[in-house]
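K.L.:
This one is target_0.tsv, TSV, C-alpha atoms.
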chain	number	residue	atom	x	y	z
A	1335	MET	CA	60.60	88.77	105.16
A	1336	LYS	CA	57.31	88.01	103.43
A	1337	SER	CA	54.60	90.60	103.05
A	1338	ASP	CA	51.11	90.05	104.44
A	1339	ALA	CA	49.83	89.51	100.89
A	1340	GLU	CA	52.43	86.77	100.33
A	1341	HIS	CA	51.46	85.05	103.60
A	1342	ILE	CA	47.78	85.18	102.68
A	1343	GLU	CA	48.47	83.86	99.16
A	1344	GLU	CA	50.56	80.92	100.38
A	1345	PHE	CA	48.21	80.08	103.24
A	1346	ALA	CA	45.08	80.25	101.08
A	1347	ALA	CA	46.68	78.02	98.45
A	1348	TRP	CA	47.61	75.49	101.14
A	1349	VAL	CA	44.09	75.56	102.62
A	1350	GLU	CA	42.62	75.01	99.15
A	1351	ASP	CA	44.87	71.98	98.62
A	1352	VAL	CA	43.86	70.50	101.97
A	1353	MET	CA	40.18	71.23	101.28
A	1354	ARG	CA	40.38	69.35	97.98
A	1355	ALA	CA	42.19	66.45	99.67
A	1356	ARG	CA	39.39	66.29	102.27
A	1357	GLY	CA	36.66	66.26	99.60
A	1358	TYR	CA	35.42	69.84	99.78
A	1359	ASP	CA	34.22	70.89	96.31
A	1360	ILE	CA	35.70	74.34	95.76
A	1361	ASP	CA	36.30	74.12	92.04
A	1362	SER	CA	32.77	74.04	90.68
A	1363	PRO	CA	30.59	77.16	90.90
A	1364	ARG	CA	27.88	75.47	92.94
A	1365	GLY	CA	30.05	72.94	94.75
A	1366	GLY	CA	29.25	74.31	98.18
A	1367	GLY	CA	32.70	73.54	99.57
A	1368	ARG	CA	33.18	76.94	101.20
A	1369	THR	CA	29.82	76.79	102.92
A	1370	LYS	CA	30.37	73.19	104.03
A	1371	LEU	CA	33.83	74.01	105.41
A	1372	ALA	CA	32.45	77.01	107.30
A	1373	GLU	CA	29.72	74.80	108.80
A	1374	ASP	CA	32.17	72.02	109.70
A	1375	ALA	CA	34.59	74.56	111.22
A	1376	GLY	CA	31.86	76.42	113.10
A	1377	VAL	CA	32.85	79.75	111.54
A	1378	HIS	CA	31.19	82.35	109.35
A	1379	ARG	CA	31.21	81.60	105.63
A	1380	ALA	CA	32.51	85.15	105.07
A	1381	ALA	CA	35.72	84.29	106.95
A	1382	VAL	CA	36.35	81.33	104.65
A	1383	THR	CA	35.47	83.38	101.57
A	1384	ARG	CA	37.78	86.26	102.57
A	1385	LEU	CA	40.65	83.81	103.04
A	1386	LEU	CA	40.10	81.95	99.77
A	1387	GLN	CA	39.75	85.25	97.90
A	1388	ARG	CA	43.08	86.31	99.46
A	1389	GLN	CA	41.49	89.30	101.21
A	1390	SER	CA	42.38	88.61	104.85
A	1391	MET	CA	43.97	86.15	107.20
A	1392	PRO	CA	41.56	84.39	109.59
A	1393	ASP	CA	41.65	85.10	113.32
A	1394	LEU	CA	42.81	82.50	115.84
A	1395	ASP	CA	39.35	81.07	116.54
A	1396	THR	CA	38.74	80.62	112.81
A	1397	MET	CA	42.11	78.92	112.42
A	1398	ARG	CA	41.23	76.52	115.23
A	1399	GLY	CA	37.95	75.70	113.51
A	1400	LEU	CA	39.65	75.21	110.14
A	1401	ALA	CA	42.22	72.89	111.72
A	1402	ARG	CA	39.47	70.80	113.31
A	1403	ALA	CA	37.36	70.63	110.12
A	1404	LEU	CA	40.35	69.88	107.86
A	1405	ARG	CA	41.79	67.37	110.34
A	1406	VAL	CA	45.19	69.01	110.53
A	1407	PRO	CA	47.06	70.04	113.67
A	1408	VAL	CA	46.49	73.62	114.81
A	1409	ARG	CA	50.29	73.85	114.92
A	1410	ASP	CA	50.46	73.29	111.15
A	1411	VAL	CA	47.76	75.89	110.50
A	1412	LEU	CA	49.53	78.52	112.63
A	1413	ILE	CA	52.90	77.87	111.02
A	1414	ARG	CA	51.50	77.77	107.47
A	1415	SER	CA	49.68	81.04	108.10
A	1416	GLY	CA	52.94	82.73	109.05
A	1417	ARG	CA	51.55	83.72	112.45
A	1418	LEU	CA	54.11	81.57	114.24
A	1419	THR	CA	57.27	79.74	113.28
A	1420	GLU	CA	58.44	76.20	113.91
A	1421	GLU	CA	60.78	77.65	116.52
A	1422	ASP	CA	57.77	79.26	118.25
A	1423	LEU	CA	55.97	75.90	118.32
A	1424	PRO	CA	58.56	73.15	118.60
A	1425	GLN	CA	57.19	69.73	117.81
A	1426	SER	CA	57.15	67.29	120.67
A	1427	PRO	CA	59.38	64.31	120.10
A	1428	ALA	CA	57.66	61.38	118.45
A	1429	PRO	CA	57.05	58.37	120.65
A	1430	PRO	CA	59.63	55.65	120.17
A	1431	THR	CA	58.77	53.20	117.43
A	1432	PRO	CA	60.08	49.68	117.14
A	1433	THR	CA	63.28	49.61	115.12
A	1434	SER	CA	62.07	46.71	113.03
A	1435	PRO	CA	58.58	45.27	112.97
A	1436	SER	CA	58.08	41.60	113.51
A	1437	PRO	CA	58.06	39.70	110.23
A	1438	ASP	CA	54.62	38.31	111.19
A	1439	ALA	CA	53.03	41.69	111.93
A	1440	PRO	CA	52.22	44.00	109.02
A	1441	LEU	CA	52.95	47.70	109.38
A	1442	SER	CA	50.12	49.85	110.62
A	1443	ALA	CA	49.09	52.74	108.40
A	1444	GLU	CA	50.66	55.11	110.93
A	1445	GLN	CA	53.95	53.15	110.90
A	1446	ALA	CA	53.92	53.15	107.09
A	1447	ALA	CA	53.36	56.92	107.05
A	1448	THR	CA	56.35	57.38	109.35
A	1449	ALA	CA	58.52	54.98	107.36
A	1450	LEU	CA	57.62	56.72	104.10
A	1451	GLY	CA	58.21	60.19	105.53
A	1452	ILE	CA	54.64	61.40	104.94
A	1453	PRO	CA	54.50	65.01	106.21
A	1454	GLU	CA	52.52	65.57	109.41
A	1455	HIS	CA	49.90	67.75	107.70
A	1456	LEU	CA	49.07	64.91	105.27
A	1457	ARG	CA	49.40	62.02	107.69
A	1458	SER	CA	45.76	61.70	108.74
A	1459	ALA	CA	44.65	61.65	105.08
A	1460	PHE	CA	47.27	58.98	104.29
A	1461	VAL	CA	46.14	56.82	107.21
A	1462	GLN	CA	42.46	57.24	106.33
A	1463	ILE	CA	42.95	56.38	102.65
A	1464	THR	CA	45.22	53.44	103.49
A	1465	GLU	CA	42.65	52.03	105.91
A	1466	GLN	CA	39.85	52.47	103.35
A	1467	LEU	CA	41.89	50.61	100.74
A	1468	ARG	CA	42.85	47.88	103.19
A	1469	LEU	CA	39.29	47.32	104.40
A	1470	GLY	CA	37.74	47.75	100.96
A	1471	SER	CA	39.91	45.03	99.44
A	1472	ALA	CA	38.34	42.31	101.60
A	1473	GLY	CA	35.16	42.10	99.53
A	1474	ALA	CA	36.51	43.34	96.21
A	1475	PRO	CA	35.84	41.29	93.08
A	1476	THR	CA	38.74	39.27	91.77
A	1477	PRO	CA	39.75	39.24	88.11
A	1478	GLU	CA	38.45	35.64	87.82
A	1479	GLY	CA	34.94	36.41	88.96
A	1480	GLY	CA	32.68	38.32	91.30
A	1481	ALA	CA	32.98	39.05	95.00
A	1482	ASP	CA	32.17	35.42	95.80
A	1483	GLY	CA	35.20	34.27	93.81
A	1484	GLN	CA	33.15	32.39	91.24
A	1485	ALA	CA	33.29	33.15	87.56
A	1486	GLY	CA	30.37	35.08	86.08
A	1487	ARG	CA	27.50	32.95	84.82
Can you present the structure in this file as structure tokens?

P.N.:
Amino acid sequence: MKSDAEHIEEFAAWVEDVMRARGYDIDSPRGGGRTKLAEDAGVHRAAVTRLLQRQSMPDLDTMRGLARALRVPVRDVLIRSGRLTEEDLPQSPAPPTPTSPSPDAPLSAEQAATALGIPEHLRSAFVQITEQLRLGSAGAPTPEGGADGQAGR
């Protein structure tokens, strides 16, 4: 069985990884990521600081706020924190998905995440990035020229 210090260490490291993935600047001295996360989560900055300094585990309300701000399921936060286990919070069965998509219809980002086995705690980031790439490519310059498709003049 893990000690409290081990749970805090693992949970804080996971939260830091998710914070970075969501664009919170926690690596530069004046990045403001801790303050921004606290604001987005609706919690005291001290609670975020204590967690990231591996001093204490957040309470349930803080965990709810962190889950909301980091766009991860509360279930994942509670399990990662060591407060509950997967057996305590069984995952509801996924809705049925078509066995094979129509050749005419491209996969949705969510279907691609499922097909690729993207973990649940990273799924929303995968979908968001995939959609940004998909939508951003519509007006992207081509190698032959600018966004209008004509060679540079």

K.L.:
Compare A:Val1406, A:Met1335, A:Leu1394, A:Leu1423 by their minimum atom-to-atom distance to Phe1460 (chain A), counting all atoms listed in the file, and give me the closest one.

P.N.:
A:Val1406

K.L.:
Given all atoms listed in the file as the basis, pick out the residue of A:Leu1467, A:Leu1386, A:Val1461, A:Leu1441 nearest to Ile1342 (chain A).

P.N.:
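Of A:Leu1467, A:Leu1386, A:Val1461, A:Leu1441, the one nearest Ile1342 (chain A), counting all atoms listed in the file, is A:Leu1386.
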
K.L.:
Report, in Å to a single decimal, how far apart CA of Asp1359 (chain A) and CA of Ala1443 (chain A) are.

P.N.:
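According to the coordinates, CA of Ala1443 (chain A) and CA of Asp1359 (chain A) are separated by 26.4 Å.
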
K.L.:
As an exercise, work out the distance from CA of Tyr1358 (chain A) to CA of Ala1447 (chain A) in Å and give it to one decimal place.

P.N.:
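About the pair CA of Tyr1358 (chain A) and CA of Ala1447 (chain A): they are 23.3 Å apart.
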
K.L.:
Residues around (52.9, 76.0, 107.9), cut-off 12 Å, counting all atoms listed in the file - what are they as a PyMOL selection string?

P.N.:
chain A and resi 1341-1342+1344-1349+1401+1406-1423+1453-1455

K.L.:
Report, in Å with one decimal, the straight-line distance from CA of Met1397 (chain A) to CA of Thr1448 (chain A).

P.N.:
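If I compute the distance from CA of Met1397 (chain A) to CA of Thr1448 (chain A), I get 26.0 Å.
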
K.L.:
Gly1357 (chain A): which residues within 12 Å, counting only C-alpha atoms, same-chain residues fewer than 6 positions away excluded, as a list in words?

P.N.:
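So, after excluding close chain neighbours, the residues are Glu1350, Asp1351, Gly1365, Gly1366, Gly1367, Arg1368, Lys1370, Leu1371, Ala1403, Leu1404, Arg1405 and Ala1459 of chain A.
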
K.L.:
Missing atoms in region 1441-1470 of chain A need filling: write out N, CA and C atoms for it as a compact mmCIF listing (two decimals), in the coordinates of the input.

P.N.:
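So the final result, stored in rebuild-v2.txt, reads:
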# COMPACT_ATOMS: atom_id res chain seq x y z
N LEU A 1441 52.87 46.33 108.90
CA LEU A 1441 52.95 47.70 109.38
C LEU A 1441 51.55 48.28 109.52
N SER A 1442 51.37 49.10 110.54
CA SER A 1442 50.12 49.85 110.62
C SER A 1442 50.22 51.00 109.63
N ALA A 1443 49.08 51.60 109.32
CA ALA A 1443 49.09 52.74 108.40
C ALA A 1443 49.94 53.87 108.97
N GLU A 1444 49.87 54.06 110.28
CA GLU A 1444 50.66 55.11 110.93
C GLU A 1444 52.16 54.81 110.83
N GLN A 1445 52.54 53.54 111.04
CA GLN A 1445 53.95 53.15 110.90
C GLN A 1445 54.42 53.33 109.46
N ALA A 1446 53.56 52.98 108.50
CA ALA A 1446 53.92 53.15 107.09
C ALA A 1446 54.11 54.62 106.76
N ALA A 1447 53.23 55.48 107.29
CA ALA A 1447 53.36 56.92 107.05
C ALA A 1447 54.69 57.44 107.59
N THR A 1448 55.07 56.97 108.77
CA THR A 1448 56.35 57.38 109.35
C THR A 1448 57.51 56.86 108.51
N ALA A 1449 57.44 55.59 108.14
CA ALA A 1449 58.52 54.98 107.36
C ALA A 1449 58.68 55.65 106.00
N LEU A 1450 57.57 56.08 105.42
CA LEU A 1450 57.62 56.72 104.10
C LEU A 1450 57.91 58.21 104.17
N GLY A 1451 57.93 58.76 105.38
CA GLY A 1451 58.21 60.19 105.53
C GLY A 1451 57.05 61.08 105.11
N ILE A 1452 55.81 60.59 105.27
CA ILE A 1452 54.64 61.40 104.94
C ILE A 1452 54.60 62.59 105.89
N PRO A 1453 54.50 63.82 105.34
CA PRO A 1453 54.50 65.01 106.21
C PRO A 1453 53.32 64.97 107.19
N GLU A 1454 53.52 65.59 108.34
CA GLU A 1454 52.52 65.57 109.41
C GLU A 1454 51.17 66.10 108.93
N HIS A 1455 51.17 67.14 108.12
CA HIS A 1455 49.90 67.75 107.70
C HIS A 1455 49.13 66.85 106.72
N LEU A 1456 49.76 65.82 106.18
CA LEU A 1456 49.07 64.91 105.27
C LEU A 1456 48.86 63.52 105.88
N ARG A 1457 49.39 63.34 107.08
CA ARG A 1457 49.40 62.02 107.69
C ARG A 1457 48.01 61.45 107.93
N SER A 1458 47.09 62.24 108.46
CA SER A 1458 45.76 61.70 108.74
C SER A 1458 45.06 61.28 107.45
N ALA A 1459 45.25 62.03 106.37
CA ALA A 1459 44.65 61.65 105.08
C ALA A 1459 45.27 60.34 104.59
N PHE A 1460 46.58 60.20 104.71
CA PHE A 1460 47.27 58.98 104.29
C PHE A 1460 46.73 57.78 105.07
N VAL A 1461 46.62 57.93 106.38
CA VAL A 1461 46.14 56.82 107.21
C VAL A 1461 44.71 56.47 106.84
N GLN A 1462 43.86 57.50 106.66
CA GLN A 1462 42.46 57.24 106.33
C GLN A 1462 42.33 56.52 104.98
N ILE A 1463 43.03 56.99 103.97
CA ILE A 1463 42.95 56.38 102.65
C ILE A 1463 43.51 54.96 102.68
N THR A 1464 44.62 54.77 103.38
CA THR A 1464 45.22 53.44 103.49
C THR A 1464 44.26 52.46 104.15
N GLU A 1465 43.60 52.90 105.22
CA GLU A 1465 42.65 52.03 105.91
C GLU A 1465 41.45 51.72 105.01
N GLN A 1466 40.96 52.71 104.26
CA GLN A 1466 39.85 52.47 103.35
C GLN A 1466 40.24 51.43 102.29
N LEU A 1467 41.43 51.57 101.75
CA LEU A 1467 41.89 50.61 100.74
C LEU A 1467 42.06 49.22 101.33
N ARG A 1468 42.63 49.17 102.54
CA ARG A 1468 42.85 47.88 103.19
C ARG A 1468 41.52 47.19 103.49
N LEU A 1469 40.58 47.91 104.05
CA LEU A 1469 39.29 47.32 104.40
C LEU A 1469 38.44 47.05 103.17
N GLY A 1470 38.54 47.91 102.17
CA GLY A 1470 37.74 47.75 100.96
C GLY A 1470 38.18 46.57 100.13
